[in-house]
file entry-v5.csv (CSV, C-alpha atoms)
chain,number,residue,atom,x,y,z
A,1,MET,CA,65.7,-53.3,-197.7
A,2,ASN,CA,63.3,-50.5,-196.9
A,3,SER,CA,60.7,-51.9,-199.3
A,4,MET,CA,60.3,-54.8,-196.9
A,5,TYR,CA,58.6,-52.4,-194.5
A,6,PHE,CA,57.8,-49.1,-196.4
A,7,THR,CA,55.1,-48.8,-199.0
A,8,GLU,CA,54.6,-46.0,-201.5
A,9,GLU,CA,52.2,-44.4,-199.1
A,10,HIS,CA,54.9,-44.4,-196.4
A,11,ASN,CA,57.3,-42.7,-198.8
A,12,LEU,CA,54.8,-40.0,-199.7
A,13,PHE,CA,54.2,-39.4,-196.0
A,14,ARG,CA,57.9,-39.0,-195.5
A,15,LYS,CA,58.2,-36.5,-198.3
A,16,SER,CA,55.3,-34.4,-197.0
A,17,LEU,CA,56.8,-34.5,-193.5
A,18,GLN,CA,60.2,-33.4,-194.8
A,19,ASP,CA,58.5,-30.4,-196.6
A,20,PHE,CA,56.6,-29.5,-193.4
A,21,LEU,CA,59.6,-29.6,-191.2
A,22,LYS,CA,61.7,-27.6,-193.7
A,23,LYS,CA,59.0,-24.9,-193.9
A,24,GLU,CA,57.6,-24.7,-190.4
A,25,VAL,CA,60.3,-26.0,-188.0
A,26,VAL,CA,63.8,-25.5,-189.4
A,27,PRO,CA,63.6,-21.7,-189.6
A,28,ASN,CA,62.8,-21.6,-185.8
A,29,ILE,CA,65.3,-24.1,-184.5
A,30,GLU,CA,68.1,-21.7,-183.7
A,31,THR,CA,65.7,-19.4,-181.7
A,32,TRP,CA,64.3,-22.3,-179.8
A,33,GLU,CA,67.7,-23.7,-179.0
A,34,LYS,CA,68.7,-20.3,-177.6
A,35,THR,CA,65.6,-19.6,-175.6
A,36,GLY,CA,64.8,-23.2,-174.5
A,37,THR,CA,61.2,-22.5,-175.3
A,38,ILE,CA,59.3,-24.0,-178.3
A,39,ASP,CA,56.5,-21.6,-179.5
A,40,ARG,CA,53.0,-22.9,-179.0
A,41,PHE,CA,52.0,-22.3,-182.6
A,42,ILE,CA,54.0,-25.3,-183.9
A,43,TRP,CA,52.2,-27.7,-181.7
A,44,LYS,CA,48.9,-26.7,-183.3
A,45,LYS,CA,50.4,-27.0,-186.8
A,46,PHE,CA,51.6,-30.5,-185.9
A,47,GLY,CA,48.1,-31.4,-184.7
A,48,ASP,CA,46.5,-29.9,-187.8
A,49,MET,CA,48.7,-32.0,-190.0
A,50,GLY,CA,47.8,-35.2,-188.1
A,51,PHE,CA,51.3,-35.9,-186.9
A,52,PHE,CA,50.3,-36.3,-183.3
A,53,GLY,CA,47.5,-38.8,-184.2
A,54,ILE,CA,49.5,-41.1,-186.4
A,55,ASN,CA,48.9,-44.3,-184.4
A,56,TYR,CA,45.9,-43.2,-182.3
A,57,PRO,CA,42.2,-44.1,-182.9
A,58,GLU,CA,40.2,-42.1,-185.4
A,59,ALA,CA,37.5,-41.7,-182.7
A,60,TYR,CA,39.7,-39.1,-181.0
A,61,GLY,CA,41.0,-37.4,-184.2
A,62,GLY,CA,43.8,-39.9,-184.9
A,63,LEU,CA,44.8,-41.6,-188.2
A,64,ASN,CA,45.1,-45.2,-186.8
A,65,LEU,CA,48.2,-45.9,-189.1
A,66,ASP,CA,50.8,-48.6,-188.7
A,67,LEU,CA,53.9,-48.1,-186.6
A,68,PHE,CA,56.2,-47.5,-189.5
A,69,TYR,CA,54.6,-44.0,-190.0
A,70,THR,CA,55.8,-43.4,-186.4
A,71,ILE,CA,59.3,-44.5,-187.4
A,72,ILE,CA,59.3,-42.1,-190.3
A,73,LEU,CA,58.3,-39.2,-187.9
A,74,GLN,CA,61.1,-40.1,-185.5
A,75,GLU,CA,63.7,-40.4,-188.2
A,76,GLU,CA,62.9,-37.1,-189.9
A,77,LEU,CA,62.7,-35.2,-186.5
A,78,GLN,CA,66.3,-36.4,-185.9
A,79,LYS,CA,67.5,-34.9,-189.2
A,80,ILE,CA,66.7,-31.3,-188.4
A,81,ASN,CA,69.5,-31.2,-185.8
A,82,SER,CA,67.6,-30.3,-182.7
A,83,GLY,CA,67.4,-33.2,-180.3
A,84,GLY,CA,65.5,-31.0,-177.9
A,85,PHE,CA,62.7,-30.3,-180.3
A,86,ALA,CA,62.5,-33.9,-181.3
A,87,ALA,CA,62.4,-35.0,-177.6
A,88,ALA,CA,59.6,-32.5,-176.8
A,89,ILE,CA,57.5,-33.9,-179.6
A,90,TRP,CA,58.0,-37.6,-178.9
A,91,ALA,CA,57.7,-37.2,-175.1
A,92,HIS,CA,54.2,-35.7,-175.7
A,93,VAL,CA,53.1,-38.3,-178.3
A,94,TYR,CA,54.8,-41.5,-177.2
A,95,LEU,CA,55.1,-41.0,-173.4
A,96,ALA,CA,52.2,-39.0,-172.1
A,97,MET,CA,49.6,-39.8,-174.8
A,98,THR,CA,50.5,-43.6,-174.8
A,99,HIS,CA,49.2,-43.8,-171.2
A,100,LEU,CA,46.1,-41.8,-171.9
A,101,ASN,CA,45.2,-44.0,-174.8
A,102,ALA,CA,46.0,-47.3,-173.2
A,103,GLU,CA,44.7,-46.8,-169.6
A,104,GLY,CA,42.4,-43.8,-169.8
A,105,ASP,CA,38.6,-44.1,-169.7
A,106,GLU,CA,36.3,-42.5,-172.2
A,107,ALA,CA,36.0,-39.2,-170.2
A,108,ILE,CA,39.8,-38.9,-169.9
A,109,LYS,CA,40.3,-39.6,-173.6
A,110,GLN,CA,37.8,-36.9,-174.6
A,111,LYS,CA,39.3,-34.4,-172.1
A,112,TYR,CA,43.0,-35.1,-172.7
A,113,LEU,CA,43.7,-37.4,-175.6
A,114,ALA,CA,41.6,-35.7,-178.2
A,115,PRO,CA,43.0,-32.2,-177.6
A,116,SER,CA,46.5,-33.7,-177.4
A,117,ILE,CA,46.1,-35.2,-180.9
A,118,ALA,CA,44.7,-31.8,-182.1
A,119,GLY,CA,47.8,-30.0,-180.7
A,120,ASP,CA,45.7,-28.0,-178.2
A,121,LYS,CA,47.2,-29.6,-175.1
A,122,ILE,CA,50.7,-30.7,-174.4
A,123,GLY,CA,51.5,-33.5,-172.0
A,124,CYS,CA,54.5,-34.9,-170.0
A,125,LEU,CA,55.2,-38.1,-168.3
A,126,CYS,CA,56.5,-37.9,-164.7
A,127,ILE,CA,58.2,-41.1,-163.5
A,128,THR,CA,61.9,-40.4,-162.7
A,129,GLU,CA,62.6,-39.1,-159.2
A,130,PRO,CA,65.6,-37.2,-157.8
A,131,SER,CA,66.5,-40.0,-155.4
A,132,GLY,CA,65.8,-42.9,-157.8
A,133,GLY,CA,67.0,-42.3,-161.3
A,134,SER,CA,66.2,-45.5,-163.3
A,135,ASP,CA,64.9,-47.3,-160.2
A,136,VAL,CA,61.2,-47.0,-160.9
A,137,ALA,CA,60.4,-49.6,-158.2
A,138,GLY,CA,62.1,-47.4,-155.6
A,139,MET,CA,59.6,-44.5,-156.2
A,140,ARG,CA,58.8,-42.4,-153.2
A,141,THR,CA,56.1,-40.1,-154.5
A,142,THR,CA,52.8,-41.1,-152.9
A,143,ALA,CA,49.1,-40.6,-153.8
A,144,ILE,CA,47.0,-41.4,-150.7
A,145,LYS,CA,43.2,-41.7,-151.1
A,146,GLU,CA,41.2,-39.2,-149.0
A,147,GLY,CA,37.5,-39.3,-149.8
A,148,ASP,CA,36.9,-38.5,-153.4
A,149,TYR,CA,40.5,-37.5,-154.0
A,150,TYR,CA,44.0,-38.7,-154.0
A,151,VAL,CA,46.6,-36.4,-152.3
A,152,VAL,CA,49.9,-36.5,-154.0
A,153,ASN,CA,53.2,-35.6,-152.3
A,154,GLY,CA,56.7,-36.0,-153.7
A,155,SER,CA,58.9,-34.9,-156.6
A,156,LYS,CA,60.0,-35.9,-160.1
A,157,THR,CA,63.0,-34.8,-162.1
A,158,PHE,CA,64.4,-34.8,-165.7
A,159,ILE,CA,60.8,-34.4,-167.0
A,160,THR,CA,60.7,-33.4,-170.7
A,161,ASN,CA,57.9,-30.8,-171.3
A,162,GLY,CA,57.9,-30.4,-167.5
A,163,VAL,CA,57.5,-26.6,-167.5
A,164,TYR,CA,55.2,-25.8,-170.4
A,165,SER,CA,52.9,-28.8,-170.6
A,166,ASP,CA,49.2,-28.5,-169.9
A,167,TYR,CA,48.8,-31.8,-168.1
A,168,LEU,CA,51.1,-34.3,-166.4
A,169,VAL,CA,50.8,-38.1,-166.4
A,170,VAL,CA,52.2,-39.0,-162.9
A,171,ALA,CA,53.2,-42.2,-161.3
A,172,ALA,CA,52.9,-42.5,-157.5
A,173,LYS,CA,52.6,-45.1,-154.8
A,174,THR,CA,49.0,-45.6,-153.7
A,175,SER,CA,49.9,-48.4,-151.4
A,176,PRO,CA,53.5,-47.8,-150.4
A,177,GLU,CA,53.6,-50.8,-148.2
A,178,LEU,CA,53.3,-53.0,-151.3
A,179,GLY,CA,56.4,-51.7,-153.1
A,180,ASN,CA,56.2,-51.7,-156.8
A,181,LYS,CA,52.9,-53.6,-156.6
A,182,GLY,CA,51.3,-50.5,-155.0
A,183,MET,CA,52.0,-48.0,-157.8
A,184,SER,CA,49.3,-46.2,-159.8
A,185,ILE,CA,49.2,-43.6,-162.6
A,186,PHE,CA,47.2,-40.4,-162.8
A,187,VAL,CA,46.6,-37.5,-165.2
A,188,VAL,CA,46.9,-34.2,-163.5
A,189,ASP,CA,46.0,-30.7,-164.8
A,190,ARG,CA,48.9,-28.3,-164.7
A,191,GLU,CA,47.0,-25.6,-162.8
A,192,THR,CA,46.1,-27.9,-159.9
A,193,LYS,CA,47.2,-26.2,-156.7
A,194,GLY,CA,50.4,-27.5,-155.2
A,195,ILE,CA,52.4,-28.2,-158.4
A,196,SER,CA,55.6,-26.3,-159.0
A,197,ALA,CA,58.2,-26.8,-161.7
A,198,THR,CA,61.8,-25.7,-161.9
A,199,LYS,CA,63.5,-25.6,-165.3
A,200,LEU,CA,66.8,-27.4,-165.5
A,201,ASP,CA,69.9,-26.3,-167.4
A,202,LYS,CA,71.2,-29.1,-169.6
A,203,LEU,CA,74.3,-30.1,-171.7
A,204,GLY,CA,72.1,-30.8,-174.7
A,205,TRP,CA,68.5,-30.9,-175.8
A,206,ARG,CA,68.6,-27.2,-175.4
A,207,ALA,CA,65.3,-26.5,-177.2
A,208,SER,CA,63.2,-28.6,-174.9
A,209,ASP,CA,62.1,-27.7,-171.4
A,210,THR,CA,63.3,-30.2,-168.8
A,211,ALA,CA,62.1,-29.8,-165.2
A,212,GLU,CA,62.1,-30.9,-161.6
A,213,ILE,CA,58.5,-31.0,-160.4
A,214,ALA,CA,57.3,-30.8,-156.8
A,215,PHE,CA,53.9,-32.0,-155.6
A,216,ASP,CA,52.8,-30.5,-152.3
A,217,ASN,CA,49.5,-31.9,-151.1
A,218,VAL,CA,48.1,-31.9,-154.7
A,219,LYS,CA,44.5,-33.1,-154.7
A,220,ILE,CA,43.5,-35.2,-157.7
A,221,PRO,CA,39.9,-36.4,-158.3
A,222,ILE,CA,39.6,-40.2,-158.2
A,223,SER,CA,38.3,-40.0,-161.7
A,224,ASN,CA,41.8,-39.0,-162.9
A,225,LEU,CA,43.2,-42.5,-162.1
A,226,LEU,CA,44.5,-44.2,-165.3
A,227,GLY,CA,43.6,-47.8,-165.4
A,228,GLU,CA,43.3,-49.7,-162.1
A,229,GLU,CA,44.8,-48.8,-158.8
A,230,ASN,CA,48.1,-50.4,-157.9
A,231,GLN,CA,48.6,-51.6,-161.5
A,232,GLY,CA,50.9,-48.7,-162.5
A,233,PHE,CA,54.2,-50.5,-162.5
A,234,GLY,CA,52.9,-53.0,-165.0
A,235,TYR,CA,51.6,-50.3,-167.3
A,236,ILE,CA,55.0,-48.5,-167.1
A,237,MET,CA,57.0,-51.6,-167.9
A,238,GLN,CA,54.7,-52.5,-170.8
A,239,HIS,CA,55.0,-49.1,-172.4
A,240,PHE,CA,58.8,-48.9,-171.9
A,241,SER,CA,59.1,-51.2,-175.0
A,242,LEU,CA,57.8,-48.4,-177.3
A,243,GLU,CA,59.8,-45.7,-175.5
A,244,ARG,CA,63.0,-47.7,-175.9
A,245,LEU,CA,62.4,-48.6,-179.5
A,246,VAL,CA,61.7,-45.0,-180.3
A,247,MET,CA,65.0,-44.0,-178.6
A,248,GLY,CA,66.8,-46.7,-180.6
A,249,VAL,CA,65.3,-45.4,-183.9
A,250,ASN,CA,66.2,-41.9,-182.9
A,251,ALA,CA,69.8,-43.1,-182.4
A,252,HIS,CA,70.1,-44.8,-185.8
A,253,ALA,CA,68.5,-41.8,-187.5
A,254,ARG,CA,70.8,-39.2,-186.0
A,255,ALA,CA,73.8,-41.4,-186.7
A,256,GLU,CA,72.7,-41.6,-190.4
A,257,TYR,CA,72.3,-37.8,-190.5
A,258,ALA,CA,75.8,-37.4,-189.1
A,259,LEU,CA,77.3,-39.8,-191.6
A,260,GLU,CA,75.5,-38.1,-194.5
A,261,TYR,CA,76.7,-34.6,-193.4
A,262,ALA,CA,80.3,-35.9,-192.8
A,263,LEU,CA,80.5,-37.6,-196.2
A,264,LYS,CA,79.3,-34.4,-198.0
A,265,TYR,CA,82.0,-32.4,-196.1
A,266,MET,CA,84.7,-35.0,-196.8
A,267,SER,CA,83.9,-35.0,-200.6
A,268,GLU,CA,84.3,-31.2,-200.7
A,269,ARG,CA,87.2,-30.6,-198.3
A,270,ILE,CA,90.6,-30.8,-199.9
A,271,ALA,CA,93.8,-31.5,-197.9
A,272,PHE,CA,97.2,-32.1,-199.4
A,273,GLY,CA,95.8,-32.0,-202.9
A,274,LYS,CA,92.9,-34.3,-202.7
A,275,GLU,CA,89.5,-34.7,-201.1
A,276,LEU,CA,89.3,-36.2,-197.6
A,277,ASP,CA,87.1,-39.0,-198.9
A,278,LYS,CA,90.0,-40.3,-201.0
A,279,TYR,CA,92.2,-41.1,-198.1
A,280,GLN,CA,92.1,-44.8,-197.3
A,281,ALA,CA,92.3,-44.4,-193.5
A,282,LEU,CA,89.3,-42.1,-193.5
A,283,ARG,CA,87.4,-44.1,-196.1
A,284,HIS,CA,87.8,-47.3,-194.1
A,285,LYS,CA,86.8,-45.7,-190.9
A,286,PHE,CA,83.7,-44.2,-192.5
A,287,VAL,CA,82.4,-47.5,-193.9
A,288,ASP,CA,82.9,-49.2,-190.5
A,289,LEU,CA,80.7,-46.5,-188.9
A,290,TYR,CA,78.2,-46.8,-191.7
A,291,ALA,CA,78.0,-50.6,-191.3
A,292,ASP,CA,77.4,-50.2,-187.6
A,293,MET,CA,74.6,-47.8,-188.3
A,294,GLU,CA,73.0,-50.0,-190.9
A,295,ILE,CA,73.0,-53.0,-188.6
A,296,CYS,CA,71.2,-51.1,-185.9
A,297,LYS,CA,68.8,-49.6,-188.4
A,298,ALA,CA,67.9,-53.1,-189.8
A,299,TYR,CA,67.4,-54.5,-186.3
A,300,ASN,CA,65.2,-51.6,-185.3
A,301,TYR,CA,63.0,-52.0,-188.3
A,302,SER,CA,62.6,-55.7,-187.5
A,303,VAL,CA,61.6,-54.9,-183.9
A,304,THR,CA,59.1,-52.3,-185.2
A,305,ASN,CA,57.6,-55.0,-187.4
A,306,LYS,CA,57.1,-57.2,-184.4
A,307,LEU,CA,55.6,-54.5,-182.2
A,308,ASN,CA,53.4,-53.5,-185.2
A,309,LYS,CA,51.9,-57.0,-185.0
A,310,SER,CA,51.3,-56.6,-181.2
A,311,GLU,CA,54.1,-58.9,-180.2
A,312,TYR,CA,55.7,-58.4,-176.8
A,313,VAL,CA,59.1,-57.1,-177.4
A,314,VAL,CA,60.6,-56.0,-174.1
A,315,LYS,CA,63.9,-57.9,-174.8
A,316,GLU,CA,64.2,-56.7,-178.4
A,317,ALA,CA,63.3,-53.1,-177.6
A,318,THR,CA,65.8,-53.1,-174.8
A,319,ILE,CA,68.5,-54.3,-177.1
A,320,SER,CA,67.5,-51.7,-179.6
A,321,LYS,CA,68.1,-48.8,-177.2
A,322,LEU,CA,71.2,-50.3,-175.6
A,323,LYS,CA,73.1,-50.9,-178.9
A,324,SER,CA,71.8,-48.1,-181.1
A,325,THR,CA,72.4,-45.3,-178.6
A,326,LYS,CA,76.0,-46.5,-178.0
A,327,MET,CA,76.5,-46.7,-181.8
A,328,ALA,CA,75.2,-43.2,-182.3
A,329,ASP,CA,77.6,-41.7,-179.8
A,330,GLU,CA,80.5,-43.4,-181.4
A,331,VAL,CA,79.5,-42.5,-184.9
A,332,ILE,CA,78.9,-38.8,-184.1
A,333,TYR,CA,82.1,-38.6,-182.2
A,334,GLU,CA,84.0,-39.9,-185.2
A,335,CYS,CA,82.1,-37.7,-187.6
A,336,LEU,CA,83.0,-34.7,-185.7
A,337,GLN,CA,86.6,-35.8,-186.0
A,338,PHE,CA,86.2,-36.0,-189.8
A,339,LEU,CA,85.4,-32.3,-189.8
A,340,GLY,CA,88.5,-31.4,-187.8
A,341,GLY,CA,88.4,-28.0,-186.2
A,342,TYR,CA,85.1,-27.2,-188.0
A,343,GLY,CA,83.5,-30.1,-186.2
A,344,TYR,CA,84.1,-28.2,-182.9
A,345,MET,CA,82.4,-25.0,-184.2
A,346,GLU,CA,78.8,-24.3,-183.3
A,347,GLU,CA,77.9,-23.1,-186.8
A,348,TYR,CA,78.4,-26.8,-188.0
A,349,PRO,CA,75.9,-29.4,-186.8
A,350,MET,CA,78.3,-31.9,-185.1
A,351,ALA,CA,78.8,-30.0,-181.9
A,352,ARG,CA,75.1,-30.0,-181.1
A,353,LEU,CA,74.6,-33.5,-182.4
A,354,LEU,CA,77.3,-34.7,-180.0
A,355,ARG,CA,75.7,-33.0,-177.0
A,356,ASP,CA,72.2,-34.1,-177.9
A,357,SER,CA,73.2,-37.7,-178.6
A,358,ARG,CA,74.8,-38.1,-175.2
A,359,LEU,CA,71.5,-38.3,-173.5
A,360,GLY,CA,70.6,-41.5,-175.5
A,361,THR,CA,72.4,-43.9,-173.2
A,362,ILE,CA,70.9,-42.2,-170.1
A,363,GLY,CA,67.3,-41.4,-170.6
A,364,GLY,CA,64.6,-44.0,-170.7
A,365,GLY,CA,66.7,-46.3,-168.6
A,366,THR,CA,70.5,-46.1,-168.5
A,367,SER,CA,72.6,-48.6,-170.4
A,368,GLU,CA,73.7,-50.1,-167.1
A,369,ILE,CA,70.1,-50.8,-166.1
A,370,LEU,CA,69.3,-52.1,-169.6
A,371,ARG,CA,72.1,-54.6,-169.3
A,372,GLU,CA,70.8,-55.8,-166.0
A,373,ILE,CA,67.3,-56.2,-167.5
A,374,LEU,CA,68.7,-58.2,-170.4
A,375,SER,CA,70.8,-60.3,-168.0
A,376,LYS,CA,67.6,-61.3,-166.1
A,377,ILE,CA,65.9,-62.2,-169.4
A,378,ILE,CA,68.8,-64.0,-171.1
A,379,ILE,CA,70.8,-65.5,-168.3
A,380,ASP,CA,68.2,-65.9,-165.5
A,381,LYS,CA,65.4,-66.8,-167.9
A,382,LYS,CA,63.0,-64.3,-166.3
A,383,GLU,CA,59.9,-63.8,-168.3
A,384,TYR,CA,58.2,-60.4,-168.6
A,385,LYS,CA,54.6,-60.7,-169.5
A,386,PRO,CA,52.2,-58.0,-170.8
A,387,THR,CA,49.6,-56.5,-168.5
A,388,THR,CA,46.2,-57.9,-169.2

call {"tool": "encode", "arguments": {"input": "entry-v5.csv", "output": "structure tokens"}}
result
Amino acid sequence: MNSMYFTEEHNLFRKSLQDFLKKEVVPNIETWEKTGTIDRFIWKKFGDMGFFGINYPEAYGGLNLDLFYTIILQEELQKINSGGFAAAIWAHVYLAMTHLNAEGDEAIKQKYLAPSIAGDKIGCLCITEPSGGSDVAGMRTTAIKEGDYYVVNGSKTFITNGVYSDYLVVAAKTSPELGNKGMSIFVVDRETKGISATKLDKLGWRASDTAEIAFDNVKIPISNLLGEENQGFGYIMQHFSLERLVMGVNAHARAEYALEYALKYMSERIAFGKELDKYQALRHKFVDLYADMEICKAYNYSVTNKLNKSEYVVKEATISKLKSTKMADEVIYECLQFLGGYGYMEEYPMARLLRDSRLGTIGGGTSEILREILSKIIIDKKEYKPTT
């Protein structure tokens, strides 16, 4: 099946990425999980290897490769057993940088996108608010124009890379009276006066820094506006497709990793005179889980193929995240059970996998919100159209 989408060049890229992660990242994971801080050197190494520029223009240091290279990056990041590290990377590349590339003018791309691709600057995307959660339209943060500046007031929460990033891509209401039609997006330097960040303590994703961010009369030059004023809601909705697909891919990849690890354990673990993988009840449970993972994986590849051809996939990407994240939670829960008491021990990967996976059905739009979006598309026949 993979040959439908992956060429020999893709396979060579996967192997080089695996080697890089094994050498440069894996030896540091336990330290980063304990400290909650990812050392800056690794960002530069990722940049030097071209991993941040996979699907970005060559003019800014990117490689301009197809979307299946991105899929490979996401899959392999899930298989080093640090959801936090993986999240920090993809939040930079596929949340913050996506807006810079799509809506930024040439000056912004030179100042922020090019160094982001090189690994010299780290970005974060600030949308979710303490009072709103998945309700993007209910955003309260404002950016009111005063002369040559916008003045931003409000707060954001659950922001990945929210403490250690160099710049923030921020959504705010420029015309609050217009509701979601009065929203805009800006890029903001971290050192701008009036920005403060508080690090949050989380169940999982321990290696990444997640923050609540406050904006107190933060002055942003008009030139830092991304795209057109009051068009931000459309930009956000349009890019949610990639974010949700990435989260769906992440889910099938970590489920696959859990199954591979569990099967190896079951083939070696002997109970009552034979290996665990010889017991019918466990064998049948395992293949049911494997089948669920394969179905999601095949679906996610098909959605990737559509998005790679620039098709509008809001429905398909929403389904990808909804079903794949639920599947991953179920698979990892059962794989922990296969390991028995050892599954509950921190020295084995399942405990961390279980914690990290739990965020999948919450971040990027909760499963409840996704079901309502799909209800509007499928039942109410609502049409979502790309921003022109």

call {"tool": "closest_atom_pairs", "arguments": {"input": "entry-v5.csv", "of": "segment 166-272 of chain A", "to": "segment 77-90 of chain A", "cutoff": "8 Å", "atoms": "all atoms listed in the file", "output": "Markdown table"}}
result
| residue | atom | partner | partner_atom | distance |
| --- | --- | --- | --- | --- |
| A:Gly204 | CA | A:Gly84 | CA | 7.3 |
| A:Trp205 | CA | A:Gly84 | CA | 3.7 |
| A:Arg206 | CA | A:Gly84 | CA | 5.5 |
| A:Ala207 | CA | A:Gly84 | CA | 4.6 |
| A:Ser208 | CA | A:Gly84 | CA | 4.5 |
| A:Asp209 | CA | A:Ala88 | CA | 7.6 |
| A:Asn250 | CA | A:Gln78 | CA | 6.3 |
| A:Ala253 | CA | A:Gln78 | CA | 6.0 |
| A:Arg254 | CA | A:Gln78 | CA | 5.3 |
| A:Tyr257 | CA | A:Lys79 | CA | 5.8 |

call {"tool": "atom_distance", "arguments": {"input": "entry-v5.csv", "atom1": "atom CA of Gly341 of chain A", "atom2": "atom CA of Gln280 of chain A"}}
result
20.5 Å

call {"tool": "residues_around", "arguments": {"input": "entry-v5.csv", "residues": "segment 325-335 of chain A", "least_positions_apart": "6", "cutoff": "9 Å", "atoms": "only C-alpha atoms", "output": "ChimeraX atom specification"}}
result
/A:247-256,258-259,261-263,285-286,289-290,292-293,296,343,350,353-354,357-361,367

call {"tool": "closest_residue", "arguments": {"input": "entry-v5.csv", "among": "A:Ser175, A:Thr7, A:Thr128, A:Ser165", "to": "Asp189 of chain A", "atoms": "all atoms listed in the file"}}
result
A:Ser165

call {"tool": "closest_residue", "arguments": {"input": "entry-v5.csv", "among": "A:Ser196, A:Thr70, A:Thr318, A:Asn28", "to": "Arg244 of chain A", "atoms": "only C-alpha atoms"}}
result
A:Thr318

call {"tool": "atom_distance", "arguments": {"input": "entry-v5.csv", "atom1": "atom CA of Leu63 of chain A", "atom2": "atom CA of Leu225 of chain A"}}
result
26.2 Å

call {"tool": "closest_residue", "arguments": {"input": "entry-v5.csv", "among": "A:Ile159, A:Met97, A:Ile72, A:Ile117", "to": "Phe6 of chain A", "atoms": "only C-alpha atoms"}}
result
A:Ile72

call {"tool": "atom_distance", "arguments": {"input": "entry-v5.csv", "atom1": "atom CA of Leu100 of chain A", "atom2": "atom CA of Val169 of chain A"}}
result
8.1 Å

call {"tool": "closest_residue", "arguments": {"input": "entry-v5.csv", "among": "A:Leu168, A:Ala271, A:Leu178, A:Leu282", "to": "Thr192 of chain A", "atoms": "all atoms listed in the file"}}
result
A:Leu168

call {"tool": "closest_residue", "arguments": {"input": "entry-v5.csv", "among": "A:Tyr301, A:Phe272, A:Tyr235, A:Phe51", "to": "Ala171 of chain A", "atoms": "all atoms listed in the file"}}
result
A:Tyr235

call {"tool": "axis_aligned_box", "arguments": {"input": "entry-v5.csv", "around": "segment 9-17 of chain A", "padding_each_side": "8 Å", "output": "AutoDock Vina command-line options"}}
result
--center_x 55.2 --center_y -39.4 --center_z -196.6 --size_x 22.0 --size_y 26.0 --size_z 22.2

call {"tool": "residues_around", "arguments": {"input": "entry-v5.csv", "residues": "Val313 of chain A", "least_positions_apart": "3", "cutoff": "9 Å", "atoms": "all atoms listed in the file", "output": "PyMOL selection string"}}
result
chain A and resi 241-242+303+306-307+310+316-318

call {"tool": "residues_near_point", "arguments": {"input": "entry-v5.csv", "point": "(38.8, -34.1, -178.2)", "cutoff": "12 Å", "atoms": "only C-alpha atoms", "output": "ChimeraX atom specification"}}
result
/A:47,53,57-62,106-121

call {"tool": "residues_around", "arguments": {"input": "entry-v5.csv", "residues": "Gln18 of chain A", "least_positions_apart": "5", "cutoff": "9 Å", "atoms": "all atoms listed in the file", "output": "MDAnalysis selection string"}}
result
chainID A and resid 13 23 76:77

call {"tool": "build_atoms", "arguments": {"input": "entry-v5.csv", "residues": "segment 62-73 of chain A", "atoms": "N, CA and C atoms", "output": "compact mmCIF listing (two decimals), in the coordinates of the input"}}
result
# COMPACT_ATOMS: atom_id res chain seq x y z
N GLY A 62 42.61 -39.26 -184.40
CA GLY A 62 43.80 -39.90 -184.90
C GLY A 62 43.66 -40.47 -186.29
N LEU A 63 44.74 -41.05 -186.80
CA LEU A 63 44.80 -41.60 -188.20
C LEU A 63 44.80 -43.13 -188.15
N ASN A 64 45.13 -43.73 -187.00
CA ASN A 64 45.10 -45.20 -186.80
C ASN A 64 46.03 -45.87 -187.90
N LEU A 65 47.23 -45.32 -188.10
CA LEU A 65 48.20 -45.90 -189.10
C LEU A 65 49.15 -46.82 -188.42
N ASP A 66 49.84 -47.59 -189.24
CA ASP A 66 50.80 -48.60 -188.70
C ASP A 66 52.01 -47.88 -188.10
N LEU A 67 52.79 -48.67 -187.38
CA LEU A 67 53.90 -48.10 -186.60
C LEU A 67 55.04 -47.60 -187.44
N PHE A 68 55.11 -47.98 -188.70
CA PHE A 68 56.20 -47.50 -189.50
C PHE A 68 56.02 -46.01 -189.89
N TYR A 69 54.81 -45.50 -189.82
CA TYR A 69 54.60 -44.00 -190.00
C TYR A 69 55.25 -43.33 -188.76
N THR A 70 55.13 -43.93 -187.59
CA THR A 70 55.80 -43.40 -186.40
C THR A 70 57.29 -43.38 -186.56
N ILE A 71 57.83 -44.45 -187.13
CA ILE A 71 59.30 -44.50 -187.40
C ILE A 71 59.73 -43.42 -188.29
N ILE A 72 58.96 -43.16 -189.32
CA ILE A 72 59.30 -42.10 -190.30
C ILE A 72 59.31 -40.74 -189.53
N LEU A 73 58.31 -40.49 -188.68
CA LEU A 73 58.30 -39.20 -187.90
C LEU A 73 59.52 -39.11 -187.05
